[in-house]
There are 2 protein chains.
Amino acid sequence: MKEPRFLIVADGAFGPETSKTADCAIRYVPERVAAVLDTSQAGRTAQDVLGFGGAIPVVGSLEEGLARRPTALLIGIAPRGGRLPDAWRGWIASALDRGLDVWSGLHTLLGDDADLAARAKASGAVIHDLRRPPANLPVSNGRARSLDALVVLTVGTDCNSGKMTAQLELLRGLEARGVRTRFVPTGQTGILIAGWGIAVDAVAADFVGGAAEQMVLEAAPGADVVLVEGQGSLIHPGYSGVTLGLLHGSCPAAMILCHKVSRRRVGEYHPGEAWIEIPPLADVVRVYEQAAGWIHPARVIGVALNTYDLAEAEARAAVARAARATGVPATDPVRFGPAPLVDAIVGAAARRRAARMTPSA
Amino acid sequence: MKEPRFLIVADGAFGPETSKTADCAIRYVPERVAAVLDTSQAGRTAQDVLGFGGAIPVVGSLEEGLARRPTALLIGIAPRGGRLPDAWRGWIASALDRGLDVWSGLHTLLGDDADLAARAKASGAVIHDLRRPPANLPVSNGRARSLDALVVLTVGTDCNSGKMTAQLELLRGLEARGVRTRFVPTGQTGILIAGWGIAVDAVAADFVGGAAEQMVLEAAPGADVVLVEGQGSLIHPGYSGVTLGLLHGSCPAAMILCHKVSRRRVGEYHPGEAWIEIPPLADVVRVYEQAAGWIHPARVIGVALNTYDLAEAEARAAVARAARATGVPATDPVRFGPAPLVDAIVGAAARRRAARMTPSA
């Protein structure tokens with residue numbers, strides 16, 4: 001497949017915390033991004049808005065965006081519940097009419113929309129629904145618990161706290177050390193970047209664990225480390241079930257706890273709806289270790305902080321505080337590099353290898 | 001809608017632990033059951049196989065079943081993963097051809113099968129997919145936590161341990177005491193019996209909590225007590241995500257822990273696949289109270305045991321042991337009646353009412 005060149009739709013929402021899919025595409029595959037459509041920020045650049053992404057322009061209309069010669073439209077937000085804002089339908093229809101493919105991670109599957117499907121068929125465009133669940137998923141049963149590879153899951157104090165980003169930084173860091181590493185994408189953005197995976201939040205609920213298990217079993221052969229993209233949070237009142245299914249299906253031996261330092265309440269990026277205070281990190285570590293232990297023991301071996309909105313001194317202090325509070329290495333892997341977490345994973349993988357070579361008593 | 005009269009298909013699987021939907025239909029709506037199709041047990045009665053259900057006959061062929069003049073075929077098993085055994089397809093097709101409706105709780109939605117849908121259309125039969133998810137579910141956000149009604153969720157040490165049955169027995173017991181009580185069905189069998197509900201294990205995983213929340217909010221007005229049918233188990237390696245989503249979406253204040261006394265391992269009704277030992281009941285109580293508390297505190301206020309396969313003295317001893325171990329009332333609600341649990345719920349509801357009438361400091 002020829003690599004797409006995206007016009008990313010993030011209207012009214014392009015920003016460091018409100019357009020996760022757009023932001024991650026710009027961070028990890030910028031060569032595929034032609035422009036971002038946000039009528040409220042036309043004339044700015046990705047760099048202006050996000051602090052990275054260079055000269056990628058923000059445009060104020062579909063026409064302007066098309067002038068940048070994209071080959072595909074990418075829905076660049078992951079709205080609450082994952083549904084399509086009605087206003088966007090017109091842009092999608094126009095794009096399909098002109099033969100642009102559409103990539104979407106919405107729960108509303110665009111390919112199942114009769115009107116949009118007909119337009120795609122007429123122009124030869126393809127609709128890629130990143131959240132379309134595959135058929136015939138298994139029910140998980142701990143089959144991933146005894147692999148040779150070290151399975152590492154990112155877990156969080158909330159959604160949107162850096163669980164996918166941490167894994168992509170760790171992937172880069174581990175590969176640079178020569179560790180054979182596979183990344184397992186479990187959400188639409190990870191799938192977009194990696195080119196495979198299952199959006200576990202969109203499968204029928206009975207199969208969340210099974211989807212995770214199947215991917216881990218597929219990724220593990222020949223790998224020293226399998227990095228599983230985490231989802232949601234056990235303390236999130238809407239998505240905790242997905243998080244637990246993913247935890248029990250992927251059967252990690254190690255977890256990296258992700259936290260956005262400036263956030264005080266779960267989901268406070270949805271104004272007025274946040275009511276759960278995020279507990280101290282050490283308490284959250286205990287929550288995840290307890291929950292993992294109901295099925296298979298796993299330890300939190302590191303903390304990945306998201307500090308993009310803090311001054312550097314504050315960020316460094318937060319890293320030191322997190323390490324002290326939890327007793328494990330901490331870093332902001334984007335800002336300060338993933339080295340302390342890479343070290344922790346390399347160590348855990350070596351200990352696992354040694355333990356598996358020693359016949360148990 | 002005229003009440004259906006079911007020929008229940010439970011081929012090779014009719015029994016007290018292997019055909020939950022069939023068994024519950026026979027226990028709670030026997031007047032709707034014409035016969036059970038199980039080629040391996042033709043000639044027996046429901047009473048012979050289950051110990052209840054009287055003269056309802058087990059037949060060995062579709063023709064024999066049709067001779068009992070059913071108006072509908074009911075799929076009477078909930079197989080692992082909820083998919084359709086290939087061999088049953090022929091019976092379903094024949095039934096539809098003859099104009100019988102088909103009721104199914106399988107994950108495989110029969111109405112989406114082009115061949116079966118065409119047959120139904122041709123004969124005027126209707127396919128009822130009990131697990132078909134509704135559109136436009138919300139994401140849960142603890143909206144059920146501050147209702148006037150006492151929300152009671154059944155939770156379990158495993159699947160298939162009596163969580164729906166306990167609620168139906170409690171419904172009967174509470175209504176007999178004049179308590180205004182609503183039952184919220186969350187699985188295909190509960191929906192079949194109650195005539196409404198959502199199979200939360202079949203909705204897209206992001207919406208498990210939202211489906212539960214929506215149903216509780218719908219059931220609560222005018223009720224003193226809302227009894228929510230539990231699903232799965234937090235210590236089940238395949239279904240724990242559904243259980244946690246249901247717990248955090250329904251926001252119970254009280255839980256009833258359900259346990260089949262003779263079961264030692266989670267899922268041991270699937271021979272060869274069970275590897276998790278069921279911990280002592282007091283430990284399981286702690287697991288559920290911890291997990292509830294991540295979002296909203298809830299206490300286990302009673303234990304419902306399933307002792308059908310034990311001698312009476314053993315069963316009574318198990319009830320006494322469970323009460324002692326957990327410090328809350330216990331009973332086998334089917335065998336010994338639900339009174340101790342009804343008392344516990346009435347007391348908890350009264351305390352909730354009193355607390356809500358006292359202005360908090």
# chains A, B, ... in the order shown; residues from 1 in each chain; ligands from 1
>>> interface_residues(of="chain B", to="chain A", cutoff="8 Å", atoms="only C-alpha atoms", output="tab-separated table (two decimals) with C-alpha atoms, in the first residue's frame")
chain	number	residue	atom	x	y	z
B	80	ARG	CA	-17.98	-20.00	25.55
B	81	GLY	CA	-17.70	-16.83	23.50
B	138	PRO	CA	-23.46	6.74	26.79
B	139	VAL	CA	-20.08	6.45	28.49
B	140	SER	CA	-20.74	5.99	32.20
B	141	ASN	CA	-19.70	8.67	34.66
B	142	GLY	CA	-21.01	7.66	38.06
B	200	VAL	CA	-23.66	-5.72	28.55
B	201	ASP	CA	-21.13	-8.32	27.44
B	202	ALA	CA	-22.08	-7.72	23.80
B	203	VAL	CA	-21.87	-3.93	23.61
B	204	ALA	CA	-18.68	-2.28	22.34
B	205	ALA	CA	-16.36	-2.44	25.34
B	206	ASP	CA	-16.28	1.34	25.88
B	207	PHE	CA	-20.01	1.26	26.66
B	208	VAL	CA	-20.37	-1.56	29.22
B	209	GLY	CA	-20.58	0.91	32.07
B	210	GLY	CA	-22.78	3.24	30.07
B	234	LEU	CA	-13.31	-9.95	38.65
B	235	ILE	CA	-11.16	-13.05	39.05
B	236	HIS	CA	-12.20	-14.60	35.69
B	237	PRO	CA	-9.35	-14.34	33.15
B	238	GLY	CA	-11.73	-13.83	30.23
B	239	TYR	CA	-14.62	-11.75	31.50
B	240	SER	CA	-13.24	-9.55	34.29
B	241	GLY	CA	-13.48	-6.42	32.16
B	242	VAL	CA	-17.23	-6.83	31.73
B	243	THR	CA	-17.59	-7.33	35.48
B	244	LEU	CA	-15.65	-4.17	36.36
B	245	GLY	CA	-17.46	-2.07	33.76
B	246	LEU	CA	-20.79	-3.24	35.14
B	248	HIS	CA	-18.45	0.99	37.93
B	249	GLY	CA	-21.38	1.80	35.64
B	273	GLU	CA	-8.92	-24.90	30.98
B	276	ILE	CA	-7.20	-20.14	38.89
B	294	TRP	CA	-11.84	3.02	43.16
B	295	ILE	CA	-14.97	4.83	41.93
>>> calpha_fit_and_write(fixed="chain A", moving="chain B", output="compact mmCIF listing (two decimals) with C-alpha atoms, in the first residue's frame")
# COMPACT_ATOMS: atom_id res chain seq x y z
CA MET B 1 -0.01 0.07 -0.02
CA LYS B 2 1.29 3.49 -0.94
CA GLU B 3 1.71 5.66 2.16
CA PRO B 4 -1.16 8.06 2.57
CA ARG B 5 -0.67 11.80 2.83
CA PHE B 6 -3.20 13.09 5.34
CA LEU B 7 -5.37 16.14 5.66
CA ILE B 8 -6.22 15.81 9.37
CA VAL B 9 -9.63 17.02 10.52
CA ALA B 10 -9.49 18.34 14.09
CA ASP B 11 -11.93 21.20 13.86
CA GLY B 12 -12.25 23.32 16.98
CA ALA B 13 -10.15 20.80 18.87
CA PHE B 14 -6.55 20.88 17.60
CA GLY B 15 -4.35 21.11 20.65
CA PRO B 16 -1.98 19.20 22.90
CA GLU B 17 -4.75 17.44 24.86
CA THR B 18 -7.80 17.51 22.64
CA SER B 19 -6.70 15.86 19.39
CA LYS B 20 -4.70 12.79 20.32
CA THR B 21 -4.80 11.06 16.95
CA ALA B 22 -3.72 14.22 15.12
CA ASP B 23 -0.97 14.92 17.61
CA CYS B 24 0.50 11.42 17.51
CA ALA B 25 0.42 11.29 13.72
CA ILE B 26 2.31 14.60 13.69
CA ARG B 27 4.80 13.39 16.29
CA TYR B 28 5.53 9.93 14.87
CA VAL B 29 4.71 10.08 11.13
CA PRO B 30 4.98 13.80 10.23
CA GLU B 31 6.02 12.90 6.70
CA ARG B 32 2.48 11.65 6.15
CA VAL B 33 0.78 14.88 7.27
CA ALA B 34 -0.11 17.54 4.66
CA ALA B 35 -2.18 19.87 6.83
CA VAL B 36 -4.59 20.12 9.76
CA LEU B 37 -8.13 21.47 9.31
CA ASP B 38 -9.27 23.56 12.27
CA THR B 39 -11.39 26.59 11.38
CA SER B 40 -10.66 28.19 14.74
CA GLN B 41 -6.87 28.23 14.28
CA ALA B 42 -6.31 28.79 10.54
CA GLY B 43 -2.93 30.33 9.73
CA ARG B 44 -1.04 28.78 12.63
CA THR B 45 1.39 25.84 12.33
CA ALA B 46 1.55 22.54 14.20
CA GLN B 47 4.61 23.91 15.99
CA ASP B 48 2.62 26.93 17.19
CA VAL B 49 -0.20 24.77 18.52
CA LEU B 50 1.62 21.71 19.85
CA GLY B 51 5.21 22.80 20.34
CA PHE B 52 6.29 20.21 17.74
CA GLY B 53 5.44 19.36 14.15
CA GLY B 54 7.29 22.24 12.48
CA ALA B 55 5.69 24.02 9.53
CA ILE B 56 2.72 21.67 9.04
CA PRO B 57 -0.01 24.25 8.36
CA VAL B 58 -3.40 24.63 10.02
CA VAL B 59 -6.00 25.48 7.38
CA GLY B 60 -9.47 26.97 7.74
CA SER B 61 -11.41 25.19 5.02
CA LEU B 62 -11.57 21.91 3.15
CA GLU B 63 -10.59 23.69 -0.09
CA GLU B 64 -7.43 25.11 1.48
CA GLY B 65 -6.59 21.69 2.81
CA LEU B 66 -7.09 20.04 -0.57
CA ALA B 67 -4.69 22.58 -2.08
CA ARG B 68 -1.97 20.82 -0.03
CA ARG B 69 -2.57 17.70 -2.14
CA PRO B 70 -3.48 15.15 0.51
CA THR B 71 -4.45 11.63 -0.61
CA ALA B 72 -6.58 10.93 2.43
CA LEU B 73 -8.65 12.56 5.14
CA LEU B 74 -7.77 11.48 8.70
CA ILE B 75 -10.22 12.04 11.54
CA GLY B 76 -7.83 13.48 14.09
CA ILE B 77 -9.83 13.50 17.28
CA ALA B 78 -11.05 10.75 19.58
CA PRO B 79 -14.20 12.36 20.96
CA ARG B 80 -15.92 11.08 24.07
CA GLY B 81 -17.64 7.87 23.04
CA GLY B 82 -15.90 8.01 19.67
CA ARG B 83 -18.84 9.24 17.59
CA LEU B 84 -18.88 11.49 14.51
CA PRO B 85 -19.71 15.18 14.99
CA ASP B 86 -22.54 15.88 12.54
CA ALA B 87 -20.79 18.92 11.11
CA TRP B 88 -17.89 16.79 9.85
CA ARG B 89 -20.08 14.62 7.68
CA GLY B 90 -20.07 17.20 4.88
CA TRP B 91 -16.27 17.32 4.75
CA ILE B 92 -16.03 13.55 4.72
CA ALA B 93 -18.60 13.29 1.93
CA SER B 94 -16.78 15.91 -0.15
CA ALA B 95 -13.42 14.24 0.38
CA LEU B 96 -14.80 10.86 -0.69
CA ASP B 97 -16.45 12.44 -3.74
CA ARG B 98 -13.05 13.74 -4.80
CA GLY B 99 -11.49 10.32 -4.41
CA LEU B 100 -9.66 10.88 -1.13
CA ASP B 101 -9.56 7.87 1.18
CA VAL B 102 -10.88 8.42 4.69
CA TRP B 103 -9.17 7.05 7.83
CA SER B 104 -11.26 7.08 10.96
CA GLY B 105 -10.91 5.81 14.51
CA LEU B 106 -14.46 6.70 15.51
CA HIS B 107 -16.75 4.12 17.11
CA THR B 108 -19.30 5.05 14.43
CA LEU B 109 -17.97 2.96 11.57
CA LEU B 110 -18.03 5.21 8.51
CA GLY B 111 -17.93 2.27 6.12
CA ASP B 112 -21.31 1.13 7.49
CA ASP B 113 -22.92 4.47 6.62
CA ALA B 114 -24.89 3.84 3.42
CA ASP B 115 -24.42 7.36 2.04
CA LEU B 116 -20.67 7.54 2.71
CA ALA B 117 -20.13 3.98 1.47
CA ALA B 118 -21.94 4.79 -1.78
CA ARG B 119 -19.81 7.91 -2.31
CA ALA B 120 -16.63 5.92 -1.71
CA LYS B 121 -17.74 3.27 -4.15
CA ALA B 122 -18.58 5.86 -6.80
CA SER B 123 -15.19 7.59 -6.63
CA GLY B 124 -13.04 4.54 -5.88
CA ALA B 125 -12.01 5.90 -2.48
CA VAL B 126 -11.43 3.57 0.46
CA ILE B 127 -12.80 4.04 3.98
CA HIS B 128 -10.41 2.70 6.65
CA ASP B 129 -12.26 2.20 9.93
CA LEU B 130 -9.42 1.71 12.42
CA ARG B 131 -11.86 0.61 15.11
CA ARG B 132 -13.61 -2.09 13.06
CA PRO B 133 -13.41 -5.25 15.20
CA PRO B 134 -12.11 -8.42 13.58
CA ALA B 135 -14.29 -11.53 13.49
CA ASN B 136 -13.80 -14.64 15.63
CA LEU B 137 -11.89 -13.25 18.59
CA PRO B 138 -11.22 -15.71 21.41
CA VAL B 139 -12.11 -15.33 25.08
CA SER B 140 -8.86 -14.78 26.97
CA ASN B 141 -7.64 -17.39 29.43
CA GLY B 142 -4.20 -16.32 30.59
CA ARG B 143 -2.46 -17.87 27.59
CA ALA B 144 -0.04 -14.92 27.46
CA ARG B 145 1.22 -15.40 31.02
CA SER B 146 4.01 -17.86 30.33
CA LEU B 147 5.72 -16.45 27.26
CA ASP B 148 9.50 -16.18 27.08
CA ALA B 149 9.19 -12.51 26.15
CA LEU B 150 8.71 -9.91 28.87
CA VAL B 151 5.27 -8.36 28.34
CA VAL B 152 5.11 -4.72 29.46
CA LEU B 153 1.78 -2.88 29.64
CA THR B 154 1.41 0.85 30.10
CA VAL B 155 -1.28 1.77 32.62
CA GLY B 156 -2.49 5.18 33.65
CA THR B 157 -4.06 7.48 36.17
CA ASP B 158 -6.49 8.54 33.41
CA CYS B 159 -7.14 8.39 29.68
CA ASN B 160 -5.01 10.64 27.56
CA SER B 161 -2.00 10.58 29.84
CA GLY B 162 0.70 9.21 27.54
CA LYS B 163 0.31 5.41 27.51
CA MET B 164 0.81 5.05 23.75
CA THR B 165 3.49 7.71 23.53
CA ALA B 166 5.48 6.09 26.34
CA GLN B 167 5.47 2.77 24.49
CA LEU B 168 6.59 4.36 21.22
CA GLU B 169 9.46 6.11 23.02
CA LEU B 170 10.38 2.86 24.77
CA LEU B 171 10.25 0.99 21.47
CA ARG B 172 12.78 3.44 20.05
CA GLY B 173 14.96 3.26 23.16
CA LEU B 174 14.94 -0.53 23.40
CA GLU B 175 15.66 -0.98 19.70
CA ALA B 176 18.59 1.41 20.03
CA ARG B 177 19.99 -0.97 22.68
CA GLY B 178 19.57 -3.96 20.39
CA VAL B 179 16.66 -5.44 22.34
CA ARG B 180 14.27 -7.33 20.07
CA THR B 181 11.07 -5.42 20.78
CA ARG B 182 7.52 -5.56 19.42
CA PHE B 183 4.83 -2.91 19.91
CA VAL B 184 1.21 -4.09 20.26
CA PRO B 185 -1.23 -1.33 19.27
CA THR B 186 -4.61 -1.49 21.04
CA GLY B 187 -6.18 1.80 19.93
CA GLN B 188 -6.92 3.63 16.73
CA THR B 189 -3.88 5.91 16.89
CA GLY B 190 -1.43 3.11 17.59
CA ILE B 191 -2.95 1.13 14.73
CA LEU B 192 -2.63 4.13 12.42
CA ILE B 193 1.07 4.47 13.25
CA ALA B 194 2.04 0.78 13.41
CA GLY B 195 -0.14 -0.48 10.58
CA TRP B 196 -1.73 -3.35 12.53
CA GLY B 197 -3.61 -3.99 15.76
CA ILE B 198 -7.07 -4.12 17.24
CA ALA B 199 -8.92 -1.25 18.94
CA VAL B 200 -9.85 -3.21 22.06
CA ASP B 201 -12.35 -0.60 23.21
CA ALA B 202 -14.51 -1.30 20.15
CA VAL B 203 -14.75 -5.09 20.28
CA ALA B 204 -17.78 -6.72 21.94
CA ALA B 205 -16.99 -6.46 25.65
CA ASP B 206 -16.60 -10.22 26.16
CA PHE B 207 -13.59 -10.17 23.82
CA VAL B 208 -11.43 -7.31 25.12
CA GLY B 209 -9.10 -9.71 26.87
CA GLY B 210 -9.18 -12.12 23.96
CA ALA B 211 -8.17 -9.43 21.49
CA ALA B 212 -5.23 -8.45 23.70
CA GLU B 213 -4.20 -12.04 24.26
CA GLN B 214 -4.32 -12.83 20.55
CA MET B 215 -2.12 -9.84 19.68
CA VAL B 216 0.44 -10.57 22.40
CA LEU B 217 0.69 -14.21 21.31
CA GLU B 218 1.18 -13.02 17.73
CA ALA B 219 3.86 -10.47 18.64
CA ALA B 220 5.88 -12.53 21.12
CA PRO B 221 7.73 -15.15 19.04
CA GLY B 222 11.31 -14.00 18.55
CA ALA B 223 10.88 -10.93 20.74
CA ASP B 224 12.65 -10.21 24.02
CA VAL B 225 10.13 -7.56 24.99
CA VAL B 226 6.50 -6.98 23.96
CA LEU B 227 5.23 -3.46 24.64
CA VAL B 228 1.44 -3.34 24.90
CA GLU B 229 -0.31 0.00 24.45
CA GLY B 230 -2.52 0.61 27.48
CA GLN B 231 -6.06 2.03 27.44
CA GLY B 232 -8.16 4.03 29.87
CA SER B 233 -7.63 3.68 33.59
CA LEU B 234 -8.87 1.42 36.37
CA ILE B 235 -9.98 4.56 38.18
CA HIS B 236 -11.88 6.01 35.18
CA PRO B 237 -15.66 5.74 35.71
CA GLY B 238 -16.34 5.12 32.03
CA TYR B 239 -13.49 3.02 30.70
CA SER B 240 -12.24 0.92 33.62
CA GLY B 241 -13.68 -2.27 32.14
CA VAL B 242 -11.59 -1.93 28.99
CA THR B 243 -8.50 -1.35 31.13
CA LEU B 244 -9.06 -4.45 33.26
CA GLY B 245 -9.86 -6.64 30.26
CA LEU B 246 -6.66 -5.49 28.58
CA LEU B 247 -4.66 -6.10 31.77
CA HIS B 248 -6.01 -9.62 32.28
CA GLY B 249 -5.85 -10.52 28.59
CA SER B 250 -2.30 -9.34 27.93
CA CYS B 251 -0.97 -10.82 31.22
CA PRO B 252 2.00 -8.49 31.58
CA ALA B 253 4.77 -9.26 34.03
CA ALA B 254 5.66 -5.56 34.18
CA MET B 255 3.73 -2.31 34.01
CA ILE B 256 4.76 1.29 33.42
CA LEU B 257 2.48 3.79 35.17
CA CYS B 258 1.70 6.89 33.07
CA HIS B 259 0.55 10.16 34.60
CA LYS B 260 0.06 13.71 33.46
CA VAL B 261 1.52 15.68 36.33
CA SER B 262 -0.70 18.76 36.11
CA ARG B 263 -3.93 16.78 36.09
CA ARG B 264 -5.81 16.66 39.39
CA ARG B 265 -9.03 14.83 38.48
CA VAL B 266 -9.82 11.93 36.17
CA GLY B 267 -11.22 13.24 32.89
CA GLU B 268 -10.87 16.93 33.69
CA TYR B 269 -10.26 17.63 29.98
CA HIS B 270 -14.08 17.27 29.79
CA PRO B 271 -14.94 20.41 31.73
CA GLY B 272 -17.57 20.05 34.44
CA GLU B 273 -17.68 16.25 34.35
CA ALA B 274 -14.63 15.33 36.40
CA TRP B 275 -15.29 14.34 40.01
CA ILE B 276 -12.72 11.70 40.91
CA GLU B 277 -9.50 13.00 42.46
CA ILE B 278 -6.42 11.20 41.17
CA PRO B 279 -4.92 9.47 44.25
CA PRO B 280 -1.20 9.63 45.11
CA LEU B 281 0.88 7.63 42.59
CA ALA B 282 1.87 5.01 45.15
CA ASP B 283 -1.82 4.26 45.71
CA VAL B 284 -2.40 3.91 41.98
CA VAL B 285 0.56 1.52 41.76
CA ARG B 286 -1.13 -0.59 44.43
CA VAL B 287 -4.45 -0.55 42.54
CA TYR B 288 -2.83 -1.93 39.39
CA GLU B 289 -0.71 -4.51 41.18
CA GLN B 290 -3.73 -5.75 43.13
CA ALA B 291 -5.89 -6.00 40.01
CA ALA B 292 -3.19 -7.78 38.01
CA GLY B 293 -2.67 -10.19 40.89
CA TRP B 294 -6.28 -11.42 40.76
CA ILE B 295 -5.18 -13.31 37.63
CA HIS B 296 -1.40 -13.12 37.30
CA PRO B 297 1.12 -11.07 39.30
CA ALA B 298 2.69 -8.00 37.70
CA ARG B 299 4.79 -5.20 39.14
CA VAL B 300 4.93 -1.52 38.23
CA ILE B 301 8.61 -1.13 37.30
CA GLY B 302 8.65 2.50 36.21
CA VAL B 303 6.71 5.74 35.93
CA ALA B 304 6.31 7.75 32.70
CA LEU B 305 5.26 11.32 33.36
CA ASN B 306 3.76 13.76 30.91
CA THR B 307 5.07 17.21 31.82
CA TYR B 308 4.73 19.12 28.56
CA ASP B 309 2.82 21.96 30.22
CA LEU B 310 5.31 22.50 33.09
CA ALA B 311 8.48 24.56 33.27
CA GLU B 312 11.63 22.45 33.13
CA ALA B 313 12.53 22.81 36.80
CA GLU B 314 9.03 21.84 37.84
CA ALA B 315 9.13 18.87 35.48
CA ARG B 316 12.43 17.65 36.89
CA ALA B 317 11.11 18.03 40.41
CA ALA B 318 8.00 16.05 39.48
CA VAL B 319 10.15 13.23 38.09
CA ALA B 320 12.22 13.08 41.28
CA ARG B 321 9.06 13.15 43.41
CA ALA B 322 7.42 10.34 41.44
CA ALA B 323 10.50 8.12 41.73
CA ARG B 324 10.68 8.76 45.45
CA ALA B 325 6.96 8.15 46.03
CA THR B 326 6.83 4.88 44.10
CA GLY B 327 10.34 3.50 44.61
CA VAL B 328 10.80 2.85 40.88
CA PRO B 329 12.56 4.83 38.11
CA ALA B 330 10.67 7.75 36.58
CA THR B 331 11.10 10.07 33.62
CA ASP B 332 9.18 12.10 31.07
CA PRO B 333 10.17 9.89 28.13
CA VAL B 334 9.42 12.56 25.52
CA ARG B 335 11.11 15.43 27.31
CA PHE B 336 13.99 13.77 29.14
CA GLY B 337 14.33 10.52 27.16
CA PRO B 338 13.22 7.02 28.15
CA ALA B 339 16.61 5.76 29.48
CA PRO B 340 15.59 5.05 33.11
CA LEU B 341 12.60 3.04 31.91
CA VAL B 342 14.63 1.27 29.22
CA ASP B 343 17.09 0.24 31.96
CA ALA B 344 14.25 -1.04 34.11
CA ILE B 345 12.80 -3.10 31.25
CA VAL B 346 16.17 -4.51 30.21
CA GLY B 347 16.79 -5.54 33.80
CA ALA B 348 13.35 -7.13 34.18
CA ALA B 349 13.75 -9.00 30.89
CA ALA B 350 17.15 -10.34 31.98
CA ARG B 351 15.75 -11.47 35.33
CA ARG B 352 12.85 -13.18 33.56
CA ARG B 353 15.25 -14.99 31.23
CA ALA B 354 17.41 -16.12 34.13
CA ALA B 355 14.39 -17.32 36.11
CA ARG B 356 13.05 -19.29 33.15
CA MET B 357 16.41 -21.00 32.58
CA THR B 358 16.56 -22.16 36.20
CA PRO B 359 14.39 -25.23 36.62
CA SER B 360 11.92 -24.43 39.37
CA ALA B 361 11.98 -26.55 42.48
>>> select_by_dssp(residues="segment 61-273 of chain A", states="strand (DSSP E or B)", output="compact mmCIF listing (two decimals) with C-alpha atoms, in the first residue's frame")
# COMPACT_ATOMS: atom_id res chain seq x y z
CA ALA A 72 -6.56 10.89 2.45
CA LEU A 73 -8.63 12.55 5.15
CA LEU A 74 -7.77 11.48 8.71
CA ILE A 75 -10.20 12.05 11.56
CA ASP A 101 -9.53 7.84 1.20
CA VAL A 102 -10.86 8.40 4.71
CA TRP A 103 -9.16 7.05 7.85
CA SER A 104 -11.27 7.09 11.00
CA ILE A 127 -12.80 4.03 4.01
CA HIS A 128 -10.42 2.69 6.67
CA ASP A 129 -12.27 2.22 9.97
CA LEU A 150 8.70 -9.87 28.82
CA VAL A 151 5.26 -8.33 28.31
CA VAL A 152 5.09 -4.69 29.44
CA LEU A 153 1.75 -2.86 29.63
CA THR A 154 1.38 0.88 30.11
CA VAL A 155 -1.32 1.77 32.65
CA GLY A 156 -2.52 5.17 33.68
CA THR A 181 11.02 -5.37 20.75
CA ARG A 182 7.46 -5.50 19.38
CA PHE A 183 4.78 -2.87 19.91
CA VAL A 184 1.16 -4.06 20.27
CA ALA A 204 -17.78 -6.72 22.01
CA VAL A 225 10.11 -7.52 24.96
CA VAL A 226 6.47 -6.94 23.94
CA LEU A 227 5.20 -3.41 24.63
CA VAL A 228 1.40 -3.32 24.90
CA ALA A 254 5.67 -5.54 34.16
CA MET A 255 3.72 -2.29 34.00
CA ILE A 256 4.75 1.32 33.40
CA LEU A 257 2.46 3.80 35.18
CA CYS A 258 1.66 6.90 33.09
CA HIS A 259 0.52 10.16 34.63
CA LYS A 260 0.03 13.72 33.49
CA ARG A 265 -9.06 14.78 38.56
>>> select_by_dssp(residues="segment 31-188 of chain B", states="helix (DSSP H, G or I)", output="ChimeraX atom specification")
/B:31-32,39-41,46-50,62-66,80-82,88-97,110-112,114-123,163-176,188
